[in-house]
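K.L.:
Please find start_22.txt (compact mmCIF, C-alpha atoms) on the next line:
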# COMPACT_ATOMS: atom_id res chain seq x y z
CA MET A 1 -15.97 5.43 -7.24
CA SER A 2 -14.01 8.56 -8.05
CA ARG A 3 -10.26 8.49 -8.55
CA ARG A 4 -9.87 10.33 -5.24
CA ARG A 5 -11.68 7.51 -3.48
CA ALA A 6 -9.56 4.78 -5.03
CA ALA A 7 -8.45 2.07 -2.64
CA ALA A 8 -5.05 0.49 -2.35
CA ALA A 9 -4.59 -2.43 -4.71
CA VAL A 10 -2.12 -5.07 -5.79
CA LEU A 11 1.44 -3.75 -5.90
CA ALA A 12 3.14 -3.34 -9.23
CA ALA A 13 6.01 -5.54 -10.37
CA LEU A 14 9.51 -4.05 -10.31
CA LEU A 15 11.18 -4.89 -13.60
CA ALA A 16 14.69 -4.00 -14.80
CA LEU A 17 15.50 -3.99 -18.51
CA ALA A 18 17.39 -7.16 -19.41
CA GLY A 19 17.21 -7.43 -23.17
CA PRO A 20 16.22 -5.91 -26.48
CA ALA A 21 12.75 -5.10 -27.69
CA ARG A 22 10.97 -7.02 -30.40
CA SER A 23 9.81 -4.81 -33.21
CA ALA A 24 6.30 -3.83 -34.05
CA PRO A 25 5.16 -4.91 -37.52
CA GLY A 26 7.08 -3.08 -40.23
CA VAL A 27 9.96 -1.98 -38.00
CA ASN A 28 13.47 -3.19 -38.79
CA ASN A 29 14.97 -4.56 -35.54
CA SER A 30 18.44 -5.69 -36.64
CA GLY A 31 21.01 -5.17 -33.89
CA ALA A 32 20.41 -3.82 -30.39
CA VAL A 33 17.92 -1.14 -29.44
CA SER A 34 17.68 0.90 -26.27
CA VAL A 35 14.64 1.20 -24.07
CA THR A 36 14.37 4.13 -21.69
CA VAL A 37 11.56 6.00 -19.96
CA GLU A 38 10.70 9.66 -20.37
CA ARG A 39 8.09 10.85 -17.87
CA ASN A 40 5.93 7.71 -17.91
CA GLN A 41 6.41 6.83 -21.56
CA PHE A 42 8.44 4.07 -23.18
CA GLN A 43 11.15 5.49 -25.42
CA ILE A 44 12.40 2.82 -27.81
CA THR A 45 15.37 3.81 -29.96
CA LEU A 46 16.29 1.79 -33.07
CA PRO A 47 19.88 1.18 -34.25
CA ASP A 48 19.59 4.00 -36.78
CA GLY A 49 18.78 6.47 -33.98
CA ARG A 50 15.07 6.74 -34.68
CA VAL A 51 12.76 6.81 -31.66
CA LEU A 52 9.54 4.95 -32.28
CA GLU A 53 6.45 7.11 -32.07
CA GLN A 54 4.01 6.07 -29.38
CA THR A 55 1.49 5.03 -32.03
CA ARG A 56 4.00 2.47 -33.37
CA LEU A 57 4.62 0.74 -30.04
CA PRO A 58 1.73 -1.78 -30.14
CA GLY A 59 3.26 -5.16 -30.94
CA VAL A 60 6.62 -4.44 -29.27
CA ALA A 61 7.63 -7.12 -26.75
CA LEU A 62 10.25 -6.55 -24.04
CA THR A 63 12.36 -9.16 -22.28
CA LEU A 64 12.68 -8.02 -18.68
CA GLY A 65 14.48 -9.26 -15.60
CA ASP A 66 12.55 -9.31 -12.32
CA GLY A 67 15.63 -8.89 -10.10
CA SER A 68 15.80 -12.56 -9.13
CA GLY A 69 17.52 -13.77 -12.28
CA ALA A 70 14.29 -14.79 -13.97
CA GLN A 71 13.06 -13.15 -17.16
CA ARG A 72 9.59 -12.05 -18.11
CA ARG A 73 8.11 -11.14 -21.46
CA ILE A 74 5.91 -8.03 -21.55
CA ARG A 75 4.15 -6.95 -24.74
CA ILE A 76 2.66 -3.53 -25.50
CA ASP A 77 -0.78 -4.12 -27.00
CA ALA A 78 -2.21 -0.59 -27.12
CA VAL A 79 -1.31 2.98 -26.21
CA GLN A 80 -3.57 5.84 -25.12
CA HIS A 81 -3.43 9.17 -23.32
CA ASP A 82 -4.83 9.16 -19.79
CA GLN A 83 -8.22 10.82 -20.12
CA ILE A 84 -8.15 12.17 -16.56
CA ASP A 85 -4.88 14.06 -17.14
CA PRO A 86 -5.79 17.43 -18.68
CA SER A 87 -2.15 18.10 -19.61
CA GLY A 88 -2.10 15.06 -21.90
CA GLU A 89 1.39 14.04 -20.77
CA THR A 90 0.44 10.82 -18.96
CA MET A 91 0.39 7.76 -21.22
CA LEU A 92 -1.33 4.45 -20.48
CA TYR A 93 -0.51 1.10 -22.06
CA ALA A 94 -2.38 -2.17 -22.42
CA LEU A 95 0.25 -4.74 -21.43
CA SER A 96 0.33 -8.52 -21.74
CA GLU A 97 2.69 -11.01 -20.15
CA GLN A 98 3.69 -14.31 -21.73
CA ASP A 99 3.08 -17.35 -19.51
CA PRO A 100 5.17 -20.55 -19.58
CA SER A 101 2.87 -22.09 -22.21
CA GLY A 102 3.58 -19.20 -24.56
CA ALA A 103 0.12 -17.65 -24.22
CA TRP A 104 -0.28 -13.94 -23.52
CA GLN A 105 -2.35 -12.77 -20.55
CA ASN A 106 -3.25 -9.25 -19.38
CA ALA A 107 -0.40 -8.15 -17.11
CA CYS A 108 -2.59 -5.96 -14.90
CA LEU A 109 -5.46 -6.65 -12.54
CA PRO A 110 -8.38 -4.19 -12.75
CA GLY A 111 -8.28 -1.09 -10.59
CA PRO A 112 -11.33 0.49 -8.90
CA ASP A 113 -12.28 2.15 -12.21
CA GLY A 114 -12.08 -1.18 -14.06
CA LEU A 115 -9.04 -0.23 -16.13
CA ARG A 116 -6.40 -2.91 -16.73
CA LEU A 117 -3.64 -0.65 -17.97
CA GLY A 118 -0.10 0.17 -16.93
CA PHE A 119 2.93 2.33 -17.66
CA PRO A 120 6.65 2.56 -16.90
CA LEU A 121 8.54 4.85 -14.56
CA PRO A 122 12.31 5.21 -14.34
CA GLY A 123 14.01 3.70 -11.31
CA ALA A 124 12.73 1.31 -8.67
CA PHE A 125 11.32 1.05 -5.15
CA THR A 126 13.39 -0.32 -2.29
CA SER A 127 12.08 -3.05 -0.01
CA ASP A 128 11.11 -0.39 2.55
CA GLY A 129 9.03 1.51 0.02
CA LYS A 130 11.39 4.31 -0.97
CA TYR A 131 11.23 5.44 -4.58
CA GLN A 132 14.63 5.78 -6.27
CA PRO A 133 14.13 7.52 -9.63
CA GLY A 134 17.85 7.36 -10.40
CA HIS A 135 18.06 3.59 -10.09
CA PRO A 136 19.26 2.03 -13.38
CA GLY A 137 16.09 0.11 -14.07
CA ILE A 138 12.51 0.41 -15.19
CA LEU A 139 9.52 0.16 -12.89
CA ILE A 140 6.38 -1.03 -14.62
CA THR A 141 3.24 -0.32 -12.63
CA CYS A 142 -0.43 -0.96 -13.21
CA THR A 143 -3.12 1.68 -12.78
CA GLY A 144 -4.58 -0.32 -9.89
CA GLY A 145 -1.30 -0.24 -7.89
CA ALA A 146 -0.28 2.49 -5.47
CA GLU A 147 2.57 3.62 -7.74
CA GLY A 148 0.20 4.00 -10.67
CA LYS A 149 -2.65 5.58 -8.74
CA CYS A 150 -0.45 8.33 -7.35
CA VAL A 151 0.69 9.38 -10.82
CA ARG A 152 -2.94 9.52 -11.94
CA PHE A 153 -3.87 11.51 -8.83
CA GLY A 154 -1.55 14.19 -10.25
CA TYR A 155 1.63 13.61 -8.23
CA LYS A 156 3.91 13.13 -11.21
CA PRO A 157 7.40 12.19 -10.01
CA TRP A 158 9.09 13.49 -13.17
CA ARG A 159 8.22 17.00 -11.93
CA ILE A 160 10.88 17.67 -9.32
CA ASN A 161 8.57 19.74 -7.10
CA LEU A 162 6.10 16.84 -6.99
CA LEU A 163 8.60 14.05 -6.28
CA PRO A 164 8.21 14.23 -2.47
CA TYR A 165 4.44 14.30 -2.92
CA TYR A 166 4.60 11.20 -5.08
CA GLN A 167 6.63 9.34 -2.45
CA THR A 168 4.20 10.52 0.22
CA CYS A 169 1.19 9.45 -1.83
CA VAL A 170 2.49 5.91 -2.31
CA ARG A 171 2.96 5.51 1.45
CA LEU A 172 -0.47 7.03 2.11
CA VAL A 173 -2.31 4.78 -0.33
CA ARG A 174 -0.66 1.74 1.22
CA ALA A 175 -1.27 3.01 4.77
CA ASP A 176 2.48 2.65 5.28
CA TYR A 177 2.41 4.54 8.58
CA GLY A 178 5.88 3.53 9.72
CA GLY A 179 7.61 4.36 6.43
CA ASP A 180 9.11 0.87 6.31
CA GLY A 181 7.21 -0.49 3.33
CA VAL A 182 4.65 -2.35 5.46
CA GLY A 183 1.08 -1.49 4.46
CA HIS A 184 -1.95 -1.63 6.73
CA THR A 185 -4.87 -1.56 4.35
CA ARG A 186 -6.98 -3.89 2.27
CA ASN A 187 -7.85 -3.86 -1.43
CA GLY A 188 -11.08 -1.98 -2.01
CA THR A 189 -10.91 0.20 1.12
CA PRO A 190 -12.14 3.72 0.20
CA ILE A 191 -10.01 6.75 1.06
CA ASP A 192 -10.14 10.47 0.34
CA LEU A 193 -6.83 12.31 0.08
CA PHE A 194 -5.98 16.00 -0.26
CA ASP A 195 -3.06 18.40 -0.11
CA ARG A 196 -2.27 22.09 0.35
CA ILE A 197 -0.84 22.72 -3.13
CA GLY A 198 -3.99 22.37 -5.21
CA VAL A 199 -3.39 19.00 -6.87
CA GLN A 200 -6.10 17.25 -4.84
CA ALA A 201 -8.58 19.59 -3.23
CA ASP A 202 -9.92 19.27 0.31
CA GLU A 203 -13.53 18.29 -0.37
CA ILE A 204 -16.40 17.03 1.73
CA ALA A 205 -16.21 13.26 2.20
CA PRO A 206 -19.46 12.22 3.94
CA GLY A 207 -18.96 9.68 6.69
CA MET A 208 -15.18 9.88 6.55
CA THR A 209 -12.95 11.41 9.21
CA LEU A 210 -9.29 12.38 9.23
CA GLU A 211 -7.15 9.27 9.34
CA ALA A 212 -3.62 10.64 9.17
CA ALA A 213 -1.16 13.19 7.86
CA PHE A 214 1.67 11.79 5.76
CA GLY A 215 5.13 12.81 4.65
CA PRO A 216 7.73 11.05 2.47
CA GLU A 217 8.91 8.91 5.42
CA GLY A 218 5.45 7.76 6.47
CA ALA A 219 2.74 9.15 8.71
CA VAL A 220 3.37 12.33 10.68
CA CYS A 221 0.41 11.68 12.96
CA VAL A 222 -2.51 9.22 12.99
CA ALA A 223 -6.03 10.04 14.21
CA HIS A 224 -7.28 6.51 13.55
CA THR A 225 -5.98 3.64 11.51
CA ARG A 226 -7.67 2.68 8.27
CA LEU A 227 -8.70 -0.75 9.54
CA PRO A 228 -8.91 -0.50 13.36
CA ASN A 229 -10.24 -4.05 13.65
CA VAL A 230 -7.06 -5.28 11.97
CA PHE A 231 -4.44 -2.81 13.21
CA ASN A 232 -5.41 -0.28 15.88
CA LEU A 233 -3.71 2.73 17.48
CA HIS A 234 -2.38 0.70 20.40
CA GLU A 235 -0.72 -1.73 18.02
CA LEU A 236 0.57 1.18 15.95
CA VAL A 237 2.35 2.93 18.81
CA THR A 238 3.67 -0.39 20.12
CA GLN A 239 5.23 -1.13 16.76
CA TYR A 240 6.28 2.48 16.10
CA PRO A 241 6.95 4.26 19.42
CA ARG A 242 7.67 7.54 17.62
CA PHE A 243 3.90 8.07 17.31
CA ALA A 244 3.47 8.58 21.05
CA GLY A 245 1.86 12.00 21.45
CA HIS A 246 0.83 12.08 17.80
CA LEU A 247 -2.27 9.89 17.91
CA GLY A 248 -6.02 10.37 18.15
CA SER A 249 -7.07 13.93 18.91
CA ASP A 250 -3.41 15.02 18.75
CA CYS A 251 -3.56 14.53 14.98
CA SER A 252 -5.19 17.22 12.85
CA THR A 253 -4.89 18.96 9.51
CA ASP A 254 -2.53 21.41 11.22
CA ALA A 255 0.12 18.68 11.31
CA PRO A 256 3.19 19.30 9.11
CA GLY A 257 2.29 16.73 6.48
CA LEU A 258 2.36 16.97 2.71
CA LEU A 259 -0.78 14.89 2.20
CA PHE A 260 -3.80 14.13 4.35
CA VAL A 261 -6.19 11.23 4.15
CA ARG A 262 -9.70 10.57 5.38
CA SER A 263 -11.26 7.16 5.71
CA TYR A 264 -14.20 5.45 7.40
CA GLY A 265 -12.03 3.68 9.96
CA LEU A 266 -13.94 0.43 9.48
Can you give me the file's structure in the form of structure tokens?

P.N.:
Amino acid sequence: MSRRRAAAAVLAALLALAGPARSAPGVNNSGAVSVTVERNQFQITLPDGRVLEQTRLPGVALTLGDGSGAQRRIRIDAVQHDQIDPSGETMLYALSEQDPSGAWQNACLPGPDGLRLGFPLPGAFTSDGKYQPGHPGILITCTGGAEGKCVRFGYKPWRINLLPYYQTCVRLVRADYGGDGVGHTRNGTPIDLFDRIGVQADEIAPGMTLEAAFGPEGAVCVAHTRLPNVFNLHELVTQYPRFAGHLGSDCSTDAPGLLFVRSYGL
């Protein structure tokens, strides 16, 4: 399955920094350190002002708050450049989480390509699915989650011109038609997405038909839902009356969306 056909998967955890990092072997960690995110890379600054190189991050463990008052321990096990990003700026991390017994388990479920990797982004998502890059926290996402997939599709939110496309992509992958954070898809459901700016090309997708056009606030129009047997057009317009007149044949690639998606409509 190509990265353009990736299905929606388990959502990433939203984690805010709550404590210092543990040092990798050979790194002096006396006193506090700061942990920030640049693009999608951990930036760990030591008390003497040095920023650890990415190659020195394996072995670093972070104590993180999950927003409910609980703390979680996340360890960086390996670092690599994303091979599908020709610019080389996207970094991927093998991450483990410590369970109550003290054992470390892979923090990410596998995505459609089998990878169990993740990375951080600055900010957080609200409960209704809006990305807030200026939020004082760190979002850690896995490559199998909508937040991670959309970065790897090329909609990098650290590029200001792509920020609305990133928000749109996350809603599209989740089939968040109403823009309220409620998804209408199932893990493993194939999709094909494209845009008008050349990040994802409009290519032939045999057997698939236009599902919807999306913008940052959700769908602009819907030709058919992704899973009609689970959530059909009648249910859609009943739940979201604003779609009246923007369903079925009234939805096309001429709609004023940022991203478009095809699916089988199973």

K.L.:
Please report the interatomic distance between CA of Leu236 (chain A) and CA of Ala205 (chain A) in Å with one decimal.

P.N.:
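CA of Ala205 (chain A) lies at a distance of 24.8 Å from CA of Leu236 (chain A).
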
K.L.:
Quick one: pull the distance between CA of Phe119 (chain A) and CA of Phe194 (chain A), Å, one decimal.

P.N.:
23.9 Å

K.L.:
Which residues are close to region 247-263 of chain A, i.e. within 9 Å by only C-alpha atoms, leaving aside same-chain residues fewer than 6 positions away? Reply as a ChimeraX atom specification.

P.N.:
/A:164-165,168-169,172-173,189-197,202,205,207-216,219-226,233,237

K.L.:
Would you export the selected residues with C-alpha atoms as an mmCIF file, in the frame of the given file, please?

P.N.:
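Result file result-v4.cif:
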data_model
loop_
_atom_site.group_PDB
_atom_site.id
_atom_site.type_symbol
_atom_site.label_atom_id
_atom_site.label_comp_id
_atom_site.auth_asym_id
_atom_site.auth_seq_id
_atom_site.Cartn_x
_atom_site.Cartn_y
_atom_site.Cartn_z
ATOM 1 C CA PRO A 164 8.210 14.230 -2.470
ATOM 2 C CA TYR A 165 4.440 14.300 -2.920
ATOM 3 C CA THR A 168 4.200 10.520 0.220
ATOM 4 C CA CYS A 169 1.190 9.450 -1.830
ATOM 5 C CA LEU A 172 -0.470 7.030 2.110
ATOM 6 C CA VAL A 173 -2.310 4.780 -0.330
ATOM 7 C CA THR A 189 -10.910 0.200 1.120
ATOM 8 C CA PRO A 190 -12.140 3.720 0.200
ATOM 9 C CA ILE A 191 -10.010 6.750 1.060
ATOM 10 C CA ASP A 192 -10.140 10.470 0.340
ATOM 11 C CA LEU A 193 -6.830 12.310 0.080
ATOM 12 C CA PHE A 194 -5.980 16.000 -0.260
ATOM 13 C CA ASP A 195 -3.060 18.400 -0.110
ATOM 14 C CA ARG A 196 -2.270 22.090 0.350
ATOM 15 C CA ILE A 197 -0.840 22.720 -3.130
ATOM 16 C CA ASP A 202 -9.920 19.270 0.310
ATOM 17 C CA ALA A 205 -16.210 13.260 2.200
ATOM 18 C CA GLY A 207 -18.960 9.680 6.690
ATOM 19 C CA MET A 208 -15.180 9.880 6.550
ATOM 20 C CA THR A 209 -12.950 11.410 9.210
ATOM 21 C CA LEU A 210 -9.290 12.380 9.230
ATOM 22 C CA GLU A 211 -7.150 9.270 9.340
ATOM 23 C CA ALA A 212 -3.620 10.640 9.170
ATOM 24 C CA ALA A 213 -1.160 13.190 7.860
ATOM 25 C CA PHE A 214 1.670 11.790 5.760
ATOM 26 C CA GLY A 215 5.130 12.810 4.650
ATOM 27 C CA PRO A 216 7.730 11.050 2.470
ATOM 28 C CA ALA A 219 2.740 9.150 8.710
ATOM 29 C CA VAL A 220 3.370 12.330 10.680
ATOM 30 C CA CYS A 221 0.410 11.680 12.960
ATOM 31 C CA VAL A 222 -2.510 9.220 12.990
ATOM 32 C CA ALA A 223 -6.030 10.040 14.210
ATOM 33 C CA HIS A 224 -7.280 6.510 13.550
ATOM 34 C CA THR A 225 -5.980 3.640 11.510
ATOM 35 C CA ARG A 226 -7.670 2.680 8.270
ATOM 36 C CA LEU A 233 -3.710 2.730 17.480
ATOM 37 C CA VAL A 237 2.350 2.930 18.810
#

K.L.:
Between CA of Gly178 (chain A) and CA of Arg242 (chain A), measure the distance and give it in Å to one decimal.

P.N.:
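Separation between CA of Gly178 (chain A) and CA of Arg242 (chain A): 9.0 Å.
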
K.L.:
Which is closer to Leu64 (chain A) than all the others in A:Ala244, A:Ala146, A:Leu266, A:Leu139, using all atoms listed in the file?

P.N.:
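Smallest separation from Leu64 (chain A) among the options: A:Leu139.
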
K.L.:
Is there a way to get, as a list of chain:residue names, all residues within 12 Å of the point (18.2, 8.1, -15.9) in file coordinates, counting only C-alpha atoms?

P.N.:
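Nearby residues: A:Val35, A:Thr36, A:Val37, A:Glu38, A:Arg39, A:Leu121, A:Pro122, A:Gly123, A:Ala124, A:Gln132, A:Pro133, A:Gly134, A:His135, A:Pro136, A:Gly137, A:Ile138, A:Trp158.
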
K.L.:
Go through A:Asp82, A:Arg72, A:Leu95, A:Pro120 one by one, measure the shortest atom-to-atom distance of each to Gln43 (chain A) using all atoms listed in the file, and give the residue with the smallest value.

P.N.:
A:Pro120

K.L.:
With only C-alpha atoms as the atoms that count, which of A:Thr143, A:Gln41, A:Ser127, A:Asn232 lies nearest to Asp180 (chain A)?

P.N.:
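Looking at the shortest contact to Asp180 (chain A), the residue is A:Ser127.
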
K.L.:
I want to know what sits within 7 Å of Ile74 (chain A), based on all atoms listed in the file, with residues of the same chain fewer than 3 positions away left out; could you give that as a CSV table (one decimal) with C-alpha atoms, in the frame of the given file?

P.N.:
chain,number,residue,atom,x,y,z
A,61,ALA,CA,7.6,-7.1,-26.8
A,62,LEU,CA,10.2,-6.6,-24.0
A,63,THR,CA,12.4,-9.2,-22.3
A,95,LEU,CA,0.2,-4.7,-21.4
A,96,SER,CA,0.3,-8.5,-21.7
A,97,GLU,CA,2.7,-11.0,-20.2
A,98,GLN,CA,3.7,-14.3,-21.7

K.L.:
List the spatial neighbours of region 182-187 of chain A as a list in words - criterion: any atom at most 10 Å away, only C-alpha atoms, same-chain residues fewer than 4 positions off excluded.

P.N.:
Ala6, Ala7, Ala8, Ala9, Val10, Gly111, Pro112, Ser127, Asp128, Gly129, Gly144, Gly145, Arg171, Leu172, Val173, Arg174, Ala175, Asp176, Tyr177, Gly178, Thr225, Arg226, Leu227, Pro228, Val230, Phe231, Asn232 and Leu236 of chain A

K.L.:
Around the point (1.9, -3.4, -25.4) in the file's coordinates, collect all residues with an atom within 8 Å, using only C-alpha atoms, and return them as a PyMOL selection string.

P.N.:
chain A and resi 57-61+74-79+93-96

K.L.:
Which residue, A:His234, A:His246, A:Arg159, A:Arg152, has the smallest gap to His81 (chain A) when you use all atoms listed in the file?

P.N.:
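Ranked by minimum distance to His81 (chain A), first place goes to A:Arg152.
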
K.L.:
Between A:Pro100, A:Gly154, A:Gly179, A:Gly245, which one has atoms that come closest to Ala201 (chain A), using only C-alpha atoms?

P.N.:
A:Gly154

K.L.:
So which one's closest to Met91 (chain A), A:Val33, A:Ala107, A:Cys142, A:Leu162? Using all atoms listed in the file, please.

P.N.:
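Of A:Val33, A:Ala107, A:Cys142, A:Leu162, the one nearest Met91 (chain A), counting all atoms listed in the file, is A:Cys142.
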